[in-house]
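Source file: entry21.cif. Holds: mmCIF, C-alpha atoms (C1' of nucleotides).
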```
data_my_file
#
loop_
_atom_site.label_atom_id
_atom_site.label_comp_id
_atom_site.auth_asym_id
_atom_site.auth_seq_id
_atom_site.Cartn_x
_atom_site.Cartn_y
_atom_site.Cartn_z
CA MET A 1 -26.24 35.27 38.31
CA PRO A 2 -26.48 38.94 37.38
CA THR A 3 -28.93 41.29 39.07
CA GLN A 4 -31.77 42.99 37.25
CA ILE A 5 -29.65 46.09 36.58
CA GLN A 6 -26.76 44.03 35.34
CA GLN A 7 -29.05 42.09 33.06
CA GLU A 8 -30.25 45.33 31.55
CA PHE A 9 -26.70 46.49 30.96
CA ILE A 10 -25.88 43.17 29.30
CA LEU A 11 -28.92 43.35 27.05
CA HIS A 12 -28.04 46.91 26.12
CA PHE A 13 -24.56 45.87 25.05
CA GLY A 14 -26.14 43.12 23.02
CA GLU A 15 -28.37 45.57 21.20
CA MET A 16 -25.56 48.05 20.64
CA GLY A 17 -23.38 45.26 19.31
CA SER A 18 -24.53 45.63 15.75
CA ARG A 19 -23.77 49.37 15.76
CA TRP A 20 -20.35 48.63 17.18
CA GLY A 21 -19.51 46.05 14.54
CA ILE A 22 -19.87 42.98 16.72
CA ASN A 23 -22.90 40.74 17.04
CA ARG A 24 -25.37 40.51 19.85
CA THR A 25 -23.85 37.54 21.59
CA VAL A 26 -20.36 39.00 21.47
CA GLY A 27 -21.68 42.22 22.98
CA GLN A 28 -23.42 40.35 25.76
CA ILE A 29 -20.42 38.20 26.55
CA TYR A 30 -18.25 41.26 26.76
CA ALA A 31 -20.69 43.06 29.04
CA LEU A 32 -20.91 40.04 31.31
CA LEU A 33 -17.14 39.74 31.61
CA PHE A 34 -16.83 43.47 32.07
CA LEU A 35 -19.11 43.42 35.09
CA SER A 36 -17.73 40.26 36.62
CA ASP A 37 -15.31 40.55 39.52
CA ARG A 38 -13.74 37.21 38.64
CA PRO A 39 -12.78 35.46 35.40
CA LEU A 40 -15.51 33.32 33.89
CA CYS A 41 -15.31 30.13 31.89
CA ALA A 42 -17.39 29.32 28.83
CA ASP A 43 -19.98 27.39 30.81
CA ASP A 44 -20.51 30.26 33.23
CA ILE A 45 -21.31 32.39 30.22
CA VAL A 46 -23.63 29.82 28.67
CA GLU A 47 -25.54 29.72 31.92
CA ALA A 48 -25.70 33.46 32.41
CA LEU A 49 -26.75 34.30 28.86
CA GLY A 50 -28.71 31.24 27.82
CA VAL A 51 -27.07 30.80 24.44
CA SER A 52 -25.47 27.74 22.95
CA ARG A 53 -22.06 26.52 23.92
CA SER A 54 -20.71 26.86 20.39
CA ASN A 55 -21.98 30.38 20.10
CA VAL A 56 -20.07 31.30 23.23
CA SER A 57 -16.98 29.64 21.85
CA MET A 58 -17.16 31.68 18.66
CA GLY A 59 -17.91 34.83 20.59
CA LEU A 60 -14.88 34.35 22.81
CA LYS A 61 -12.74 33.71 19.79
CA GLU A 62 -13.90 36.96 18.30
CA LEU A 63 -13.26 38.88 21.51
CA GLN A 64 -9.77 37.42 21.56
CA ALA A 65 -9.25 38.54 17.98
CA TRP A 66 -10.18 42.02 19.18
CA ASN A 67 -7.76 41.72 22.09
CA LEU A 68 -10.61 42.67 24.35
CA VAL A 69 -10.36 39.77 26.77
CA ARG A 70 -7.55 38.11 28.67
CA LEU A 71 -7.21 34.37 28.93
CA ARG A 72 -6.58 33.14 32.46
CA HIS A 73 -6.07 29.79 34.05
CA GLN A 74 -6.98 28.61 37.49
CA GLN A 75 -4.85 26.26 39.53
CA GLY A 76 -5.88 22.65 38.96
CA ASP A 77 -8.62 23.40 36.44
CA ARG A 78 -7.99 23.05 32.79
CA ARG A 79 -10.85 25.17 31.61
CA ASP A 80 -10.14 28.53 30.02
CA TYR A 81 -11.22 31.51 32.07
CA PHE A 82 -11.71 34.96 30.61
CA SER A 83 -11.69 38.46 32.02
CA THR A 84 -11.54 42.06 30.85
CA PRO A 85 -8.72 44.39 31.93
CA GLU A 86 -9.22 46.21 35.20
CA ASP A 87 -7.87 49.40 33.72
CA MET A 88 -10.56 51.09 31.70
CA TRP A 89 -8.10 53.21 29.75
CA GLU A 90 -6.39 50.13 28.52
CA ILE A 91 -9.74 49.00 27.17
CA VAL A 92 -10.21 52.29 25.37
CA ARG A 93 -6.76 52.09 23.85
CA THR A 94 -7.42 48.59 22.57
CA LEU A 95 -10.77 49.58 21.17
CA ILE A 96 -9.33 52.52 19.29
CA ALA A 97 -6.36 50.53 18.03
CA GLU A 98 -8.52 47.71 16.75
CA ARG A 99 -11.07 49.92 15.10
CA LYS A 100 -8.31 51.86 13.40
CA LYS A 101 -6.85 48.59 12.18
CA ARG A 102 -10.17 47.40 10.77
CA GLU A 103 -11.79 50.61 9.59
CA ILE A 104 -9.01 53.00 8.60
CA ASP A 105 -5.84 51.13 7.73
CA PRO A 106 -7.30 49.12 4.85
CA THR A 107 -8.51 52.30 3.21
CA LEU A 108 -5.17 54.04 3.65
CA THR A 109 -3.47 51.04 2.07
CA LYS A 110 -5.94 51.04 -0.78
CA LEU A 111 -5.48 54.76 -1.41
CA ARG A 112 -1.71 54.39 -1.57
CA GLU A 113 -2.08 51.42 -3.85
CA LEU A 114 -4.33 53.33 -6.21
CA GLU A 115 -1.96 56.26 -6.19
CA MET A 116 0.85 53.96 -7.32
CA GLN A 117 -1.26 52.70 -10.20
CA THR A 118 -2.16 56.19 -11.31
CA PRO A 119 -0.36 57.54 -14.37
CA GLU A 120 1.94 60.44 -13.49
CA ASP A 121 0.11 63.11 -15.35
CA THR A 122 -3.44 62.28 -14.30
CA ASP A 123 -5.06 65.35 -12.93
CA SER A 124 -8.75 64.85 -12.39
CA TYR A 125 -10.82 66.19 -9.57
CA ALA A 126 -11.29 62.63 -8.34
CA GLN A 127 -7.53 62.19 -8.22
CA ALA A 128 -7.11 65.28 -6.09
CA ARG A 129 -9.90 64.19 -3.80
CA MET A 130 -8.32 60.82 -3.17
CA ALA A 131 -4.94 62.41 -2.52
CA GLU A 132 -6.49 64.82 -0.09
CA LEU A 133 -8.27 62.02 1.70
CA ARG A 134 -5.03 60.10 1.98
CA GLU A 135 -3.25 63.13 3.42
CA LEU A 136 -5.98 63.66 5.94
CA ILE A 137 -5.89 60.06 7.07
CA GLU A 138 -2.11 60.21 7.33
CA ALA A 139 -2.30 63.34 9.45
CA MET A 140 -4.81 61.76 11.78
CA THR A 141 -3.11 58.41 12.12
CA GLY A 142 0.21 60.18 12.67
CA PHE A 143 -1.36 62.10 15.51
CA TYR A 144 -2.87 58.91 16.84
CA ASP A 145 0.51 57.19 16.84
CA GLU A 146 2.03 59.97 18.87
CA MET A 147 -0.78 60.08 21.38
CA ASN A 148 -0.67 56.34 21.69
CA ARG A 149 2.94 56.52 22.79
CA LEU A 150 2.07 58.64 25.83
CA GLU A 151 1.47 57.03 29.17
CA THR A 152 -2.08 57.12 30.38
CA GLU A 153 -1.36 59.76 33.01
CA ARG A 154 -0.27 62.30 30.45
CA LEU A 155 -3.09 61.45 28.14
CA VAL A 156 -5.64 61.98 30.87
CA ALA A 157 -3.94 65.23 31.79
CA LEU A 158 -4.32 66.46 28.22
CA LEU A 159 -7.92 65.34 28.19
CA LYS A 160 -8.64 67.29 31.33
CA MET A 161 -7.05 70.39 29.92
CA GLY A 162 -9.66 70.42 27.22
CA SER A 163 -10.08 73.67 25.42
CA LYS A 164 -7.30 75.27 27.44
CA LEU A 165 -5.20 73.73 24.72
CA THR A 166 -6.69 76.30 22.37
CA LYS A 167 -4.47 79.00 23.76
CA ILE A 168 -1.45 76.97 22.89
CA ALA A 169 -2.74 76.27 19.43
CA GLY A 170 -3.75 79.89 19.06
CA GLY A 171 -0.35 81.15 18.00
CA ALA A 172 0.19 78.40 15.50
CA ALA A 173 -3.14 78.76 13.75
CA LYS A 174 -3.08 80.10 10.20
CA VAL A 175 0.63 79.44 10.07
CA LEU A 176 0.23 75.88 8.89
CA PRO A 177 -3.15 75.51 7.29
CA LEU A 178 -3.43 71.99 5.92
CA ARG A 179 -5.11 73.21 2.76
CA LYS A 180 -6.43 76.29 1.10
CA THR A 181 -9.56 77.70 2.68
CA LYS A 182 -12.70 78.68 0.79
CA ALA A 183 -12.10 82.28 -0.17
CA MET B 184 -18.48 57.24 -16.09
CA PRO B 185 -15.73 56.65 -13.53
CA THR B 186 -12.26 55.53 -14.55
CA GLN B 187 -10.78 52.20 -13.58
CA ILE B 188 -9.10 53.70 -10.52
CA GLN B 189 -12.25 55.45 -9.46
CA GLN B 190 -14.22 52.24 -9.85
CA GLU B 191 -11.81 50.50 -7.56
CA PHE B 192 -12.15 53.21 -4.95
CA ILE B 193 -15.92 52.95 -5.16
CA LEU B 194 -15.86 49.18 -4.79
CA HIS B 195 -13.53 49.50 -1.83
CA PHE B 196 -15.94 51.86 -0.09
CA GLY B 197 -18.69 49.38 -0.79
CA GLU B 198 -16.76 46.59 0.84
CA MET B 199 -15.76 48.71 3.82
CA GLY B 200 -19.36 49.81 4.23
CA SER B 201 -20.28 46.94 6.50
CA ARG B 202 -17.36 47.68 8.82
CA TRP B 203 -18.38 51.31 8.91
CA GLY B 204 -21.97 50.54 9.78
CA ILE B 205 -23.50 51.35 6.43
CA ASN B 206 -24.34 48.91 3.67
CA ARG B 207 -22.53 48.31 0.42
CA THR B 208 -24.73 50.45 -1.75
CA VAL B 209 -24.59 53.38 0.65
CA GLY B 210 -20.81 53.12 0.71
CA GLN B 211 -20.64 53.09 -3.05
CA ILE B 212 -23.00 56.01 -3.46
CA TYR B 213 -20.96 58.01 -1.01
CA ALA B 214 -17.70 57.21 -2.76
CA LEU B 215 -19.17 58.17 -6.11
CA LEU B 216 -20.41 61.51 -4.83
CA PHE B 217 -17.15 62.11 -3.01
CA LEU B 218 -15.18 61.77 -6.23
CA SER B 219 -17.56 63.69 -8.42
CA ASP B 220 -16.76 67.28 -9.28
CA ARG B 221 -20.43 68.07 -9.76
CA PRO B 222 -23.63 67.14 -7.94
CA LEU B 223 -25.30 63.97 -9.20
CA CYS B 224 -28.94 63.01 -9.40
CA ALA B 225 -30.35 59.62 -8.54
CA ASP B 226 -30.33 58.43 -12.13
CA ASP B 227 -26.68 59.33 -12.57
CA ILE B 228 -25.99 57.09 -9.60
CA VAL B 229 -28.15 54.25 -10.89
CA GLU B 230 -26.22 54.36 -14.13
CA ALA B 231 -22.79 54.57 -12.53
CA LEU B 232 -23.35 51.79 -10.00
CA GLY B 233 -25.81 49.52 -11.75
CA VAL B 234 -28.18 49.11 -8.83
CA SER B 235 -31.91 49.63 -8.70
CA ARG B 236 -33.51 52.99 -8.55
CA SER B 237 -35.22 52.28 -5.25
CA ASN B 238 -32.01 51.10 -3.70
CA VAL B 239 -30.41 54.42 -4.61
CA SER B 240 -33.36 56.26 -3.17
CA MET B 241 -33.00 54.46 0.15
CA GLY B 242 -29.25 54.91 0.12
CA LEU B 243 -29.58 58.64 -0.39
CA LYS B 244 -32.11 58.82 2.38
CA GLU B 245 -29.67 57.11 4.69
CA LEU B 246 -26.82 59.41 3.70
CA GLN B 247 -29.06 62.36 4.41
CA ALA B 248 -29.86 60.92 7.82
CA TRP B 249 -26.10 60.82 8.41
CA ASN B 250 -25.79 64.42 7.23
CA LEU B 251 -23.14 63.23 4.85
CA VAL B 252 -24.57 64.69 1.66
CA ARG B 253 -25.96 68.03 0.63
CA LEU B 254 -29.08 68.38 -1.43
CA ARG B 255 -28.72 70.77 -4.37
CA HIS B 256 -31.00 71.97 -7.09
CA GLN B 257 -30.19 73.01 -10.62
CA GLN B 258 -31.88 75.85 -12.45
CA GLY B 259 -34.86 74.59 -14.43
CA ASP B 260 -34.54 70.96 -13.42
CA ARG B 261 -36.68 69.54 -10.72
CA ARG B 262 -34.56 66.55 -9.94
CA ASP B 263 -32.67 66.37 -6.64
CA TYR B 264 -28.92 66.61 -6.98
CA PHE B 265 -26.52 65.49 -4.29
CA SER B 266 -22.94 66.32 -3.41
CA THR B 267 -20.47 65.90 -0.57
CA PRO B 268 -18.88 68.90 1.16
CA GLU B 269 -15.72 70.26 -0.45
CA ASP B 270 -14.08 70.66 2.92
CA MET B 271 -12.74 67.34 4.10
CA TRP B 272 -12.56 68.44 7.73
CA GLU B 273 -16.23 69.16 7.71
CA ILE B 274 -16.77 65.59 6.60
CA VAL B 275 -14.64 64.29 9.45
CA ARG B 276 -16.53 66.40 11.97
CA THR B 277 -19.85 65.10 10.71
CA LEU B 278 -18.64 61.54 10.78
CA ILE B 279 -17.43 61.81 14.34
CA ALA B 280 -20.55 63.61 15.50
CA GLU B 281 -22.85 61.05 13.96
CA ARG B 282 -20.95 58.06 15.23
CA LYS B 283 -20.89 59.52 18.69
CA LYS B 284 -24.64 60.05 18.47
CA ARG B 285 -25.28 56.46 17.39
CA GLU B 286 -22.60 54.53 19.24
CA ILE B 287 -21.85 56.39 22.46
CA ASP B 288 -24.76 58.58 23.50
CA PRO B 289 -27.30 55.77 23.86
CA THR B 290 -24.97 53.93 26.20
CA LEU B 291 -24.29 57.00 28.29
CA THR B 292 -28.03 57.54 28.59
CA LYS B 293 -28.55 53.93 29.55
CA LEU B 294 -25.82 54.05 32.19
CA ARG B 295 -27.33 57.13 33.77
CA GLU B 296 -30.74 55.54 33.68
CA LEU B 297 -29.48 52.41 35.40
CA GLU B 298 -27.72 54.49 38.00
CA MET B 299 -31.00 56.21 38.83
CA GLN B 300 -32.69 52.85 39.30
CA THR B 301 -29.97 51.56 41.57
CA PRO B 302 -30.74 51.43 45.29
CA GLU B 303 -28.59 53.92 47.21
CA ASP B 304 -26.60 51.42 49.17
CA THR B 305 -25.76 48.98 46.38
CA ASP B 306 -22.06 48.40 46.33
CA SER B 307 -21.15 45.58 44.01
CA TYR B 308 -18.15 45.39 41.78
CA ALA B 309 -20.48 45.58 38.78
CA GLN B 310 -21.93 48.80 40.14
CA ALA B 311 -18.51 50.36 40.44
CA ARG B 312 -17.58 49.20 36.96
CA MET B 313 -20.62 50.82 35.43
CA ALA B 314 -20.01 54.05 37.31
CA GLU B 315 -16.42 54.09 36.16
CA LEU B 316 -17.47 53.50 32.58
CA ARG B 317 -19.94 56.35 32.79
CA GLU B 318 -17.28 58.67 34.15
CA LEU B 319 -14.90 57.73 31.40
CA ILE B 320 -17.48 58.33 28.72
CA GLU B 321 -18.36 61.66 30.28
CA ALA B 322 -14.71 62.70 30.33
CA MET B 323 -14.27 61.78 26.69
CA THR B 324 -17.46 63.34 25.42
CA GLY B 325 -16.71 66.47 27.44
CA PHE B 326 -13.36 66.70 25.71
CA TYR B 327 -15.02 66.07 22.39
CA ASP B 328 -17.49 68.89 22.96
CA GLU B 329 -14.70 71.32 23.67
CA MET B 330 -12.66 70.28 20.67
CA ASN B 331 -15.72 70.48 18.49
CA ARG B 332 -16.16 74.12 19.39
CA LEU B 333 -12.75 75.04 17.96
CA GLU B 334 -12.47 76.28 14.41
CA THR B 335 -10.78 73.94 12.02
CA GLU B 336 -7.60 76.01 11.87
CA ARG B 337 -6.93 75.61 15.56
CA LEU B 338 -7.82 71.98 15.52
CA VAL B 339 -5.39 71.29 12.71
CA ALA B 340 -2.75 73.28 14.55
CA LEU B 341 -3.18 71.07 17.60
CA LEU B 342 -3.05 68.01 15.43
CA LYS B 343 0.21 69.12 13.89
CA MET B 344 1.71 69.75 17.29
CA GLY B 345 1.33 66.10 18.07
CA SER B 346 3.41 64.85 20.91
CA LYS B 347 4.80 68.33 21.56
CA LEU B 348 1.67 68.59 23.62
CA THR B 349 3.25 66.14 26.03
CA LYS B 350 5.47 68.82 27.46
CA ILE B 351 2.47 70.87 28.33
CA ALA B 352 0.74 67.92 29.87
CA GLY B 353 3.94 66.94 31.66
CA GLY B 354 3.48 69.24 34.62
CA ALA B 355 -0.10 68.27 35.19
CA ALA B 356 0.47 64.54 35.13
CA LYS B 357 -0.01 62.67 38.40
CA VAL B 358 -1.74 65.69 39.84
CA LEU B 359 -5.15 64.66 38.62
CA PRO B 360 -5.15 60.92 38.11
CA LEU B 361 -8.64 59.89 37.06
CA ARG B 362 -8.46 56.76 39.15
CA LYS B 363 -6.13 54.78 41.35
CA THR B 364 -3.34 52.98 39.49
CA LYS B 365 -2.43 49.34 39.94
CA ALA B 366 0.17 49.37 42.67
"C1'" DC C 367 -57.69 68.20 -14.56
"C1'" DA C 368 -55.10 64.85 -16.98
"C1'" DT C 369 -50.23 64.22 -18.05
"C1'" DT C 370 -45.72 63.79 -17.08
"C1'" DA C 371 -41.33 63.75 -14.66
"C1'" DG C 372 -39.76 62.78 -10.69
"C1'" DT C 373 -39.42 60.53 -5.76
"C1'" DT C 374 -40.79 57.28 -2.06
"C1'" DT C 375 -42.78 53.24 -0.09
"C1'" DC C 376 -43.37 48.51 0.41
"C1'" DA C 377 -43.91 43.44 0.16
"C1'" DG C 378 -41.44 39.82 -1.01
"C1'" DA C 379 -36.95 37.71 -3.10
"C1'" DA C 380 -32.12 37.29 -2.47
"C1'" DA C 381 -28.16 37.49 0.15
"C1'" DT C 382 -25.79 37.60 4.33
"C1'" DT C 383 -25.10 36.91 9.10
"C1'" DT C 384 -25.91 34.61 13.30
"C1'" DC C 385 -26.86 30.65 15.97
"C1'" DT C 386 -27.26 25.77 17.01
"C1'" DG C 387 -26.44 20.76 17.86
"C1'" DA C 388 -23.61 17.22 16.54
"C1'" DA C 389 -19.37 15.62 15.47
"C1'" DA C 390 -14.41 16.15 15.53
"C1'" DC C 391 -10.57 17.41 17.88
"C1'" DG C 392 -6.77 17.93 21.66
"C1'" DC C 393 -4.66 16.65 25.58
"C1'" DG C 394 -3.55 15.18 30.32
"C1'" DC C 395 -3.95 11.08 33.10
"C1'" DG C 396 -4.30 6.30 34.89
"C1'" DC D 397 -3.55 3.28 24.81
"C1'" DG D 398 -8.12 4.77 25.75
"C1'" DC D 399 -10.96 7.50 28.82
"C1'" DG D 400 -12.63 11.89 30.54
"C1'" DC D 401 -13.00 16.59 30.16
"C1'" DG D 402 -12.90 20.41 27.75
"C1'" DT D 403 -12.69 23.25 23.26
"C1'" DT D 404 -13.40 24.02 18.30
"C1'" DT D 405 -15.35 23.29 13.84
"C1'" DC D 406 -18.93 22.94 10.70
"C1'" DA D 407 -23.16 22.25 7.97
"C1'" DG D 408 -27.47 23.60 7.97
"C1'" DA D 409 -31.51 26.21 10.36
"C1'" DA D 410 -33.09 30.61 11.81
"C1'" DA D 411 -32.98 35.37 11.79
"C1'" DT D 412 -31.76 39.61 9.88
"C1'" DT D 413 -30.42 42.74 6.37
"C1'" DT D 414 -30.27 44.24 1.77
"C1'" DC D 415 -32.13 44.78 -2.70
"C1'" DT D 416 -35.65 44.87 -6.24
"C1'" DG D 417 -39.73 45.89 -9.18
"C1'" DA D 418 -44.16 47.47 -8.92
"C1'" DA D 419 -47.31 50.54 -7.13
"C1'" DA D 420 -48.27 54.82 -4.75
"C1'" DC D 421 -47.39 59.33 -4.20
"C1'" DT D 422 -46.20 64.53 -5.33
"C1'" DA D 423 -46.15 68.49 -7.70
"C1'" DA D 424 -45.31 71.32 -11.89
"C1'" DT D 425 -47.26 71.95 -16.60
"C1'" DG D 426 -50.12 72.31 -20.71
#
```

Go through the file and emit its structure as structure tokens.
Amino acid sequence: MPTQIQQEFILHFGEMGSRWGINRTVGQIYALLFLSDRPLCADDIVEALGVSRSNVSMGLKELQAWNLVRLRHQQGDRRDYFSTPEDMWEIVRTLIAERKKREIDPTLTKLRELEMQTPEDTDSYAQARMAELRELIEAMTGFYDEMNRLETERLVALLKMGSKLTKIAGGAAKVLPLRKTKA
Amino acid sequence: MPTQIQQEFILHFGEMGSRWGINRTVGQIYALLFLSDRPLCADDIVEALGVSRSNVSMGLKELQAWNLVRLRHQQGDRRDYFSTPEDMWEIVRTLIAERKKREIDPTLTKLRELEMQTPEDTDSYAQARMAELRELIEAMTGFYDEMNRLETERLVALLKMGSKLTKIAGGAAKVLPLRKTKA
DNA sequence: CATTAGTTTCAGAAATTTCTGAAACGCGCG
DNA sequence: CGCGCGTTTCAGAAATTTCTGAAACTAATG
């Protein structure tokens, strides 16, 4: 049974759910698991949140599709227990990976597809715009792939360096502009 | 009147809209403006997309709230014309800024708020989890703020460096671990 | 100041998403 | 097998979001 503060956190996650592309119940389930120091089974969740059993089942299925929860089993109990990873950075990685998969990759695929269909000599503004968008997405996802390969320690180190990185980038700037600038 | 390819792009943006947290019409309007080499007025959009005038009006309002379109005026015409920025990186910056504002900032605020309310001596797992989440969000938004200050040239330079940055981070790693590791 | 060209608001219709209870399903065990 | 315990599916109910046409509003113009 969550405390007052915990309840508020859970309700907040529920409300934010829609902005994050998940529904209220899924948000609440995630928050509950996130705060819990032990894995919970579906009935624990039903009790804590006061929603229907089937709703919890669907919510858990969705969280599994997002790779956001781990399925655990307890000795001599055949119920499924769920928990979130201890390591917060792992959660962030998963979140980014999944959102990229759902929100970026389909568009990149579509842009490439459309480019294939396009007659060689087409040369409209729209065509150029789409090509530029594709290039930008490729540049960003390429960068993402490389960062994703790094261990967490190095990633956090980079993060902490912050704008000190500017100095390093300083020399390179203007040498490889991605595209023409205004003037 | 958009070509076949352009239509497909527009429809794709419409479909993706829900995943991106905007609705179909807003997605389509944005795609249309993005591809157009000149600013369009509401009626141009109504004609191109075949949706109601009021729907377009609401969609444009929403895009303005997202700072994703610019309002233009033509000489001797009192209609409002809309366009998207030429510079794709500006678009990306806006997108990131707005999503942060809608999806991250409210949670950070809430976490701080809850922390204020928490009795000094509370020491549950949930409490620690929330504090850790707050710290992580602070670290990431801090990094974001610094990156956001850089001009596009330097940002792109960093992007292109990709995993070469690892070497730089190499020395720092393990010196400032954000948190204890597993073992 | 009435007209006209344009935009915005709004109440309800339409569509979509979420949630529920009931039924179906799966599986280990005696 | 058939019972008990647990999970999943599903059709429809409930809630929410999106879309529309009509009315209200705004401001330049003759």

Expected answer as number ranges by chain: chain B residues within 8 Å of chain A, all atoms listed in the file: B: 188-189, 192, 195, 199, 202-204, 217-220, 271, 285-286, 290, 293-294, 297, 300-301, 308-310, 312-313, 315-316, 319, 322-323, 326, 329-330, 333, 336-343, 345-346, 348-349, 352-353, 355-357, 359-361

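When the distance limit is 9 Å and only C-alpha atoms (C1' of nucleotides) are what count, the residues near Leu246 in chain B, minus those fewer than 4 positions from it on the same chain, are Val209, Ile212, Tyr213, Met241, Gly242, Asn250, Leu251 and Val252 of chain B.
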
To verify the selection step, state as a PyMOL selection string which residues the PyMOL selection byres ((chain D and resi 405) around 9) yields on this input. (chain C and resi 389-391) or (chain D and resi 404+406)

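Take C1' of DA409 in chain D and CA of Ser54 in chain A: the distance between them is 14.8 Å.
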
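Within the 12 Å cut-off around Ser52 in chain A, using only C-alpha atoms (C1' of nucleotides) and omitting residues fewer than 5 positions from it on the same chain, the listed residues are Thr25, Ala42, Asp43, Asp44, Ile45, Val46, Glu47, Ser57, Met58 and Gly59 of chain A; DT384, DC385, DT386 and DG387 of chain C.
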
Compile the contact shell of His256 in chain B as a PyMOL selection string: residues with an atom at most 12 Å away, counting all atoms listed in the file, same-chain residues fewer than 2 positions apart removed. chain B and resi 221-224+253-254+258-266

Once you have the residues from the selection above, write them out as an mmCIF file, keeping the file's coordinate frame, restricted to C-alpha atoms.
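What ended up in result_25.cif:
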```cif
data_model
loop_
_atom_site.group_PDB
_atom_site.id
_atom_site.type_symbol
_atom_site.label_atom_id
_atom_site.label_comp_id
_atom_site.auth_asym_id
_atom_site.auth_seq_id
_atom_site.Cartn_x
_atom_site.Cartn_y
_atom_site.Cartn_z
ATOM 1 C CA ARG B 221 -20.430 68.070 -9.760
ATOM 2 C CA PRO B 222 -23.630 67.140 -7.940
ATOM 3 C CA LEU B 223 -25.300 63.970 -9.200
ATOM 4 C CA CYS B 224 -28.940 63.010 -9.400
ATOM 5 C CA ARG B 253 -25.960 68.030 0.630
ATOM 6 C CA LEU B 254 -29.080 68.380 -1.430
ATOM 7 C CA GLN B 258 -31.880 75.850 -12.450
ATOM 8 C CA GLY B 259 -34.860 74.590 -14.430
ATOM 9 C CA ASP B 260 -34.540 70.960 -13.420
ATOM 10 C CA ARG B 261 -36.680 69.540 -10.720
ATOM 11 C CA ARG B 262 -34.560 66.550 -9.940
ATOM 12 C CA ASP B 263 -32.670 66.370 -6.640
ATOM 13 C CA TYR B 264 -28.920 66.610 -6.980
ATOM 14 C CA PHE B 265 -26.520 65.490 -4.290
ATOM 15 C CA SER B 266 -22.940 66.320 -3.410
#
```

Pick out the chain D residues within 9 Å of chain B. Count all atoms listed in the file. Give them as a ChimeraX atom specification. /D:414-417,424

Take the selection from the previous step and output its residues with C-alpha atoms (C1' of nucleotides), as a PDB file, keeping the file's coordinate frame.
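After the write, part_17.pdb holds the following:
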```
ATOM      1  C1'  DT D 414     -30.270  44.240   1.770  1.00  0.00           C
ATOM      2  C1'  DC D 415     -32.130  44.780  -2.700  1.00  0.00           C
ATOM      3  C1'  DT D 416     -35.650  44.870  -6.240  1.00  0.00           C
ATOM      4  C1'  DG D 417     -39.730  45.890  -9.180  1.00  0.00           C
ATOM      5  C1'  DA D 424     -45.310  71.320 -11.890  1.00  0.00           C
TER       6       DA D 424
END
```

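The gap separating C1' of DG426 in chain D from C1' of DT374 in chain C is 25.7 Å, in Å to one decimal.
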
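Minimum distance to chain A across C:DC367, C:DA381, C:DG394, C:DG372 (counting all atoms listed in the file) occurs at C:DG394.
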
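Proximity of A:Ala48, A:Ala31, A:Ile137, A:Leu95 to Ala65 in chain A, computed with only C-alpha atoms, is greatest for A:Leu95.
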
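Selecting chain C residues within 12 Å of chain B and counting all atoms listed in the file yields DA371, DG372, DT373, DT374, DT375, DC376, DT382 and DT383 of chain C.
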
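Pairwise distance (CA of Gly14 in chain A, C1' of DA379 in chain C) equals 28.8 Å.
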
Write out as a list in words each polymer residue whose atoms come within 12 Å of DG396 in chain C, counting all atoms listed in the file; drop sequence neighbours fewer than 4 positions from it. DC397, DG398, DC399 and DG400 of chain D
